Amino acid sequence: MTEKNIAAVVLAAGKGTRMKSGLPKVLHPLAGRPMITHLLDIVSRLGATHAVVVVGAGADRVSAAVADMPGLNVTCVVQEPQLGTGHAVLAAREALAGFEGDVLVLYGDTPLVRIDTLEALVDARSVESPAPSIVVPTVVVLGSCPEDAAEYGRLVLDDEGALAAIREYKDASPEEREIDFCNSGMMAVDGAHLFALLDQVGNDNRNGEYYLTDIVEVARAQGLRCEAVEGDPDEMLGVNSRAQLAEAELIVQDRLREAALDSGVTMTDPATVYLAADTRFGQDVTIEPGVFFGPGVTIGDNVTIRAYSHLEGATVGDGASVGPFARLRPEAEVGAGARIGNFVEIKKSTLEPGAKVNHLTYIGDARVGANANVGAGTITCNYDGFLKYRTDIGAGAFIGSNTALVAPVTVGDGAIVGAGSVITGDVEADALAVTRAPQKGLTGWAARFRARKAKEKSAKRG
């Protein structure tokens, strides 16, 4: 983390028309969280003291989404009317009054920038013990050289390699369009100069807007130095459509998988595993193909998650096993050494250490005690159409197959429930509970039935 004095201005006022969505563009999710929060998390980790988010479309929803970023003081300001990127940064003037550190200008719909890249931007703005001949740049812009420069703005360098101008593609000359060093829009600017420079930016361009990019030529005209640093083209991917959102998701997933593998997680087919930004793994975890991790999942040591399982908001203890084809919903807590088998769904329930729920079962709003065994086809009937109720299964209890536990109900420690039972009352510890109709046997009935039906079928054919 850098020790410099840093603030960030995050532009998030765009309408996101091409997303064709009622959800503000910067709130569309990447790896299970709004894309703008990925960016603010990086800003926080960088050590910034303050972030100003410039909002417009969906202002209330965006403001609510960024209000509680850990370790970061976030202020939202409204850009109205929307007259370009330079005008958007000016909306942060009051919020940053008196700030003279480094101001990072970032974009809420460009969430893939890495912390190392932002550190490089800030570091380029300073020189330790500079000699009199060294001029510290006032503006440092992030650029890259993508395979397809398309309609990105171009970074125009002078003969000494300093940044001379940023030319928007639509305003660039044919010669400037041949430049392959492209503008990301992200930059670090001396806070002591930022707003004074923006005040001098005009709107003499085809759109009649105030371009942030013009700050470079304004600074140069005052004898201030500007530079550019090169980053990975993936980091400057802007999300303006569903296709670009999908592209960004692929990049984020590749990064998350790489980080998990580097930390010691085994994935037999990494490309089929979907991770959330906050998924946490212990040591010696094995993940089989087709597993989906939604937000809020923590996995302990020596855990195996078998194929085609879906986990969200769940905690899995050391040595446990989940799946295949299992679903852990929010507030599922699986204890150490517990077993969750195929076609099992767990919701808002605790399975204590050593508990087993191996097949075809729904456990909701329940506690399953240590070393209890829940048989195939068991259902906790937790909802009466109006309210939810809890089921408590004691330690060492055995629930027979195809049992319905009608909550609220308690099964005591060591109790046994016979297969096929519908349990509506509490079961004492170490007791047997069975509720089923008595079995009746009719000798020869099946043979007589088949003969009668065969005769009826023959008569029908005529």
# chains A, B, ... in the order shown; residues from 1 in each chain; ligands from 1

$ select_by_dssp --residues "region 36-95 of chain A" --states "alpha helix (DSSP H)" --output "ChimeraX atom specification"
/A:36-46,59-65,85-90

$ write_last_selection --atoms "N, CA and C atoms" --output "compact mmCIF listing (two decimals), in the first residue's frame"
# COMPACT_ATOMS: atom_id res chain seq x y z
N ILE A 36 -18.92 -1.31 -9.70
CA ILE A 36 -18.26 -0.13 -9.13
C ILE A 36 -17.60 -0.45 -7.80
N THR A 37 -18.12 -1.44 -7.07
CA THR A 37 -17.52 -1.76 -5.79
C THR A 37 -16.18 -2.47 -5.95
N HIS A 38 -15.96 -3.15 -7.08
CA HIS A 38 -14.63 -3.70 -7.36
C HIS A 38 -13.61 -2.57 -7.39
N LEU A 39 -13.98 -1.50 -8.08
CA LEU A 39 -13.07 -0.36 -8.23
C LEU A 39 -12.83 0.32 -6.89
N LEU A 40 -13.89 0.54 -6.12
CA LEU A 40 -13.73 1.21 -4.83
C LEU A 40 -12.94 0.36 -3.84
N ASP A 41 -13.06 -0.95 -3.96
CA ASP A 41 -12.26 -1.83 -3.11
C ASP A 41 -10.77 -1.66 -3.40
N ILE A 42 -10.42 -1.55 -4.68
CA ILE A 42 -9.03 -1.31 -5.07
C ILE A 42 -8.55 0.04 -4.53
N VAL A 43 -9.40 1.06 -4.64
CA VAL A 43 -9.05 2.39 -4.14
C VAL A 43 -8.80 2.34 -2.64
N SER A 44 -9.64 1.61 -1.91
CA SER A 44 -9.45 1.48 -0.47
C SER A 44 -8.15 0.77 -0.14
N ARG A 45 -7.88 -0.31 -0.84
CA ARG A 45 -6.64 -1.06 -0.59
C ARG A 45 -5.40 -0.24 -0.94
N LEU A 46 -5.56 0.68 -1.88
CA LEU A 46 -4.45 1.55 -2.26
C LEU A 46 -4.08 2.52 -1.14
N ALA A 59 -29.15 7.81 -9.33
CA ALA A 59 -28.28 8.36 -8.29
C ALA A 59 -28.54 7.74 -6.92
N ASP A 60 -29.80 7.59 -6.54
CA ASP A 60 -30.11 7.06 -5.20
C ASP A 60 -29.63 5.63 -5.05
N ARG A 61 -29.81 4.82 -6.08
CA ARG A 61 -29.41 3.41 -5.99
C ARG A 61 -27.90 3.27 -5.97
N VAL A 62 -27.21 4.07 -6.79
CA VAL A 62 -25.75 4.01 -6.80
C VAL A 62 -25.20 4.49 -5.46
N SER A 63 -25.76 5.57 -4.95
CA SER A 63 -25.30 6.11 -3.66
C SER A 63 -25.46 5.08 -2.55
N ALA A 64 -26.58 4.38 -2.54
CA ALA A 64 -26.82 3.36 -1.51
C ALA A 64 -25.83 2.21 -1.63
N ALA A 65 -25.49 1.85 -2.86
CA ALA A 65 -24.60 0.70 -3.08
C ALA A 65 -23.17 0.97 -2.62
N THR A 85 -16.92 14.58 -19.45
CA THR A 85 -16.12 14.04 -18.37
C THR A 85 -15.42 15.12 -17.55
N GLY A 86 -14.98 16.18 -18.21
CA GLY A 86 -14.36 17.28 -17.48
C GLY A 86 -15.37 17.94 -16.55
N HIS A 87 -16.55 18.14 -17.04
CA HIS A 87 -17.64 18.72 -16.24
C HIS A 87 -17.97 17.79 -15.06
N ALA A 88 -17.89 16.47 -15.28
CA ALA A 88 -18.19 15.52 -14.22
C ALA A 88 -17.18 15.64 -13.08
N VAL A 89 -15.90 15.74 -13.41
CA VAL A 89 -14.89 15.87 -12.36
C VAL A 89 -15.06 17.18 -11.60
N LEU A 90 -15.47 18.23 -12.29
CA LEU A 90 -15.72 19.52 -11.62
C LEU A 90 -16.79 19.40 -10.54

$ closest_atom_pairs --of "region 128-196 of chain A" --to "region 215-230 of chain A" --cutoff "8 Å" --atoms "only C-alpha atoms" --output "tab-separated table"
residue	atom	partner	partner_atom	distance
A:Val135	CA	A:Arg225	CA	6.9
A:Val136	CA	A:Arg225	CA	6.9
A:Pro137	CA	A:Arg225	CA	4.5
A:Thr138	CA	A:Arg225	CA	5.8
A:Val139	CA	A:Cys226	CA	4.8
A:Val140	CA	A:Glu227	CA	4.8
A:Val141	CA	A:Ala228	CA	4.6
A:Leu142	CA	A:Val229	CA	5.2
A:Gly143	CA	A:Glu230	CA	4.9
A:Ser144	CA	A:Glu230	CA	5.0
A:Cys145	CA	A:Glu230	CA	7.8
A:Leu155	CA	A:Ala228	CA	7.9
A:Gly161	CA	A:Glu227	CA	7.9
A:Ala162	CA	A:Glu227	CA	5.0
A:Leu163	CA	A:Glu227	CA	4.6
A:Ala164	CA	A:Glu217	CA	6.6
A:Ala165	CA	A:Glu217	CA	5.6
A:Ile166	CA	A:Val216	CA	6.9

$ select_by_dssp --residues "region 136-197 of chain A" --states "strand (DSSP E or B)" --output "NGL selection string"
:A and (139-144 or 154-157 or 163-167 or 182-190)

$ atom_distance --atom1 "CA of Arg257 (chain A)" --atom2 "CA of Asp269 (chain A)"
10.4 Å

$ residues_around --residues "Phe398 (chain A)" --least-positions-apart "3" --cutoff "6 Å" --atoms "only C-alpha atoms" --output "list in words"
Ala372, Asn373 and Ile416 of chain A

$ write_last_selection --atoms "N, CA and C atoms" --output "CSV table (one decimal), in the first residue's frame"
chain,number,residue,atom,x,y,z
A,372,ALA,N,-25.4,-36.8,13.7
A,372,ALA,CA,-26.8,-37.2,13.4
A,372,ALA,C,-26.7,-37.7,11.9
A,373,ASN,N,-27.7,-38.5,11.6
A,373,ASN,CA,-27.8,-39.1,10.2
A,373,ASN,C,-29.2,-38.9,9.7
A,416,ILE,N,-34.5,-42.1,17.3
A,416,ILE,CA,-34.6,-42.8,16.0
A,416,ILE,C,-36.0,-42.5,15.4

$ closest_residue --among "A:Cys381, A:Leu23, A:Ala12, A:Ala446" --to "Val54 (chain A)" --atoms "only C-alpha atoms"
A:Ala12

$ closest_residue --among "A:Ala51, A:Ala97, A:Leu104, A:Leu245" --to "Cys76 (chain A)" --atoms "only C-alpha atoms"
A:Ala51

$ atom_distance --atom1 "CA of Asp102 (chain A)" --atom2 "CA of Arg114 (chain A)"
17.5 Å

$ closest_residue --among "A:Pro324, A:Gly394, A:Gly441, A:Gly264" --to "His359 (chain A)" --atoms "only C-alpha atoms"
A:Pro324

$ residues_around --residues "region 308-317 of chain A" --least-positions-apart "3" --cutoff "8 Å" --atoms "only C-alpha atoms" --output "PyMOL selection string"
chain A and resi 288-301+303+305+320+322-338

$ write_last_selection --atoms "C-alpha atoms" --output "short mmCIF file (atom, residue, chain, number, x, y, z; two decimals), in the first residue's frame"
data_model
loop_
_atom_site.label_atom_id
_atom_site.label_comp_id
_atom_site.auth_asym_id
_atom_site.auth_seq_id
_atom_site.Cartn_x
_atom_site.Cartn_y
_atom_site.Cartn_z
CA GLU A 288 -14.61 -30.65 -8.96
CA PRO A 289 -16.03 -29.40 -12.29
CA GLY A 290 -19.13 -27.25 -12.64
CA VAL A 291 -19.20 -25.71 -9.15
CA PHE A 292 -20.77 -22.25 -8.61
CA PHE A 293 -19.77 -20.05 -5.69
CA GLY A 294 -22.09 -17.12 -5.07
CA PRO A 295 -21.26 -14.26 -2.68
CA GLY A 296 -20.41 -14.91 0.94
CA VAL A 297 -18.89 -18.41 0.85
CA THR A 298 -16.07 -19.51 3.16
CA ILE A 299 -14.50 -22.96 2.78
CA GLY A 300 -12.32 -24.53 5.48
CA ASP A 301 -9.28 -26.80 5.21
CA VAL A 303 -12.80 -29.73 2.04
CA ILE A 305 -16.76 -29.68 -3.19
CA ALA A 320 -16.38 -31.59 5.19
CA VAL A 322 -20.37 -31.25 -0.29
CA GLY A 323 -22.09 -32.71 -3.34
CA PRO A 324 -22.26 -33.69 -6.10
CA PHE A 325 -25.35 -31.74 -7.14
CA ALA A 326 -25.79 -30.10 -3.74
CA ARG A 327 -27.15 -26.65 -2.99
CA LEU A 328 -26.08 -24.58 0.02
CA ARG A 329 -28.19 -21.45 0.38
CA PRO A 330 -27.53 -18.38 2.58
CA GLU A 331 -26.82 -19.04 6.26
CA ALA A 332 -26.01 -22.69 5.70
CA GLU A 333 -23.27 -23.70 8.14
CA VAL A 334 -21.68 -27.09 7.58
CA GLY A 335 -19.57 -28.28 10.47
CA ALA A 336 -16.22 -30.02 10.44
CA GLY A 337 -16.32 -33.47 8.91
CA ALA A 338 -19.99 -33.19 7.94
#

$ closest_residue --among "A:Arg452, A:Lys457, A:Arg390, A:His50" --to "Val74 (chain A)" --atoms "only C-alpha atoms"
A:His50

$ closest_atom_pairs --of "region 133-233 of chain A" --to "region 107-112 of chain A" --cutoff "9 Å" --atoms "only C-alpha atoms" --output "CSV"
residue,atom,partner,partner_atom,distance
A:Ser184,CA,A:Thr110,CA,8.8
A:Gly185,CA,A:Tyr107,CA,7.7
A:Met186,CA,A:Tyr107,CA,7.2

$ write_last_selection --atoms "C-alpha atoms" --output "PDB file, in the first residue's frame"
ATOM      1  CA  SER A 184      -7.915   4.521 -20.778  1.00  0.00           C
ATOM      2  CA  GLY A 185      -9.448   7.697 -19.346  1.00  0.00           C
ATOM      3  CA  MET A 186      -7.836   6.992 -15.960  1.00  0.00           C
TER       4      MET A 186
END

$ residues_around --residues "region 247-251 of chain A" --least-positions-apart "6" --cutoff "8 Å" --atoms "only C-alpha atoms" --output "PyMOL selection string"
chain A and resi 30-31+112+234+237+239

$ decode --residues "region 138-165 of chain A" --atoms "N, CA and C atoms" --output "compact mmCIF listing (two decimals), in the first residue's frame"
# COMPACT_ATOMS: atom_id res chain seq x y z
N THR A 138 2.53 16.85 -13.48
CA THR A 138 1.27 17.25 -12.85
C THR A 138 0.15 16.27 -13.20
N VAL A 139 0.19 15.74 -14.39
CA VAL A 139 -0.84 14.81 -14.87
C VAL A 139 -0.14 13.55 -15.39
N VAL A 140 -0.62 12.37 -14.92
CA VAL A 140 -0.12 11.10 -15.44
C VAL A 140 -1.33 10.30 -15.89
N VAL A 141 -1.31 9.87 -17.15
CA VAL A 141 -2.45 9.20 -17.76
C VAL A 141 -2.11 7.72 -17.99
N LEU A 142 -3.09 6.84 -17.76
CA LEU A 142 -2.92 5.42 -18.01
C LEU A 142 -3.32 5.11 -19.45
N GLY A 143 -2.42 4.46 -20.18
CA GLY A 143 -2.72 4.05 -21.54
C GLY A 143 -2.38 2.59 -21.74
N SER A 144 -2.70 2.09 -22.92
CA SER A 144 -2.33 0.73 -23.28
C SER A 144 -2.31 0.62 -24.80
N CYS A 145 -1.81 -0.52 -25.27
CA CYS A 145 -1.74 -0.77 -26.71
C CYS A 145 -2.57 -2.01 -27.03
N PRO A 146 -3.88 -1.88 -27.13
CA PRO A 146 -4.73 -3.04 -27.40
C PRO A 146 -4.53 -3.54 -28.82
N GLU A 147 -4.88 -4.82 -29.03
CA GLU A 147 -4.76 -5.39 -30.38
C GLU A 147 -5.62 -4.62 -31.38
N ASP A 148 -6.80 -4.22 -30.94
CA ASP A 148 -7.69 -3.44 -31.79
C ASP A 148 -7.92 -2.09 -31.13
N ALA A 149 -7.25 -1.06 -31.65
CA ALA A 149 -7.37 0.27 -31.04
C ALA A 149 -8.75 0.87 -31.22
N ALA A 150 -9.48 0.38 -32.22
CA ALA A 150 -10.88 0.79 -32.44
C ALA A 150 -11.03 2.30 -32.33
N GLU A 151 -11.98 2.75 -31.51
CA GLU A 151 -12.26 4.19 -31.41
C GLU A 151 -11.81 4.77 -30.08
N TYR A 152 -10.81 4.12 -29.45
CA TYR A 152 -10.22 4.71 -28.25
C TYR A 152 -9.56 6.05 -28.61
N GLY A 153 -9.52 6.95 -27.64
CA GLY A 153 -8.72 8.16 -27.79
C GLY A 153 -7.25 7.79 -27.84
N ARG A 154 -6.46 8.63 -28.53
CA ARG A 154 -5.04 8.33 -28.73
C ARG A 154 -4.18 9.23 -27.83
N LEU A 155 -3.09 8.64 -27.29
CA LEU A 155 -2.13 9.39 -26.49
C LEU A 155 -1.01 9.87 -27.41
N VAL A 156 -0.90 11.16 -27.55
CA VAL A 156 0.08 11.78 -28.45
C VAL A 156 1.29 12.20 -27.62
N LEU A 157 2.45 11.64 -27.92
CA LEU A 157 3.68 11.94 -27.18
C LEU A 157 4.54 12.92 -27.97
N ASP A 158 5.34 13.70 -27.22
CA ASP A 158 6.26 14.61 -27.90
C ASP A 158 7.58 13.89 -28.17
N ASP A 159 8.54 14.63 -28.68
CA ASP A 159 9.81 14.02 -29.07
C ASP A 159 10.60 13.49 -27.88
N GLU A 160 10.30 13.98 -26.68
CA GLU A 160 11.00 13.53 -25.48
C GLU A 160 10.25 12.41 -24.77
N GLY A 161 9.12 11.98 -25.32
CA GLY A 161 8.34 10.91 -24.70
C GLY A 161 7.34 11.37 -23.68
N ALA A 162 7.25 12.69 -23.47
CA ALA A 162 6.23 13.21 -22.56
C ALA A 162 4.88 13.25 -23.28
N LEU A 163 3.81 13.29 -22.50
CA LEU A 163 2.46 13.31 -23.07
C LEU A 163 2.14 14.73 -23.53
N ALA A 164 1.86 14.84 -24.83
CA ALA A 164 1.57 16.16 -25.39
C ALA A 164 0.08 16.43 -25.47
N ALA A 165 -0.73 15.38 -25.72
CA ALA A 165 -2.17 15.58 -25.86
C ALA A 165 -2.88 14.24 -25.82
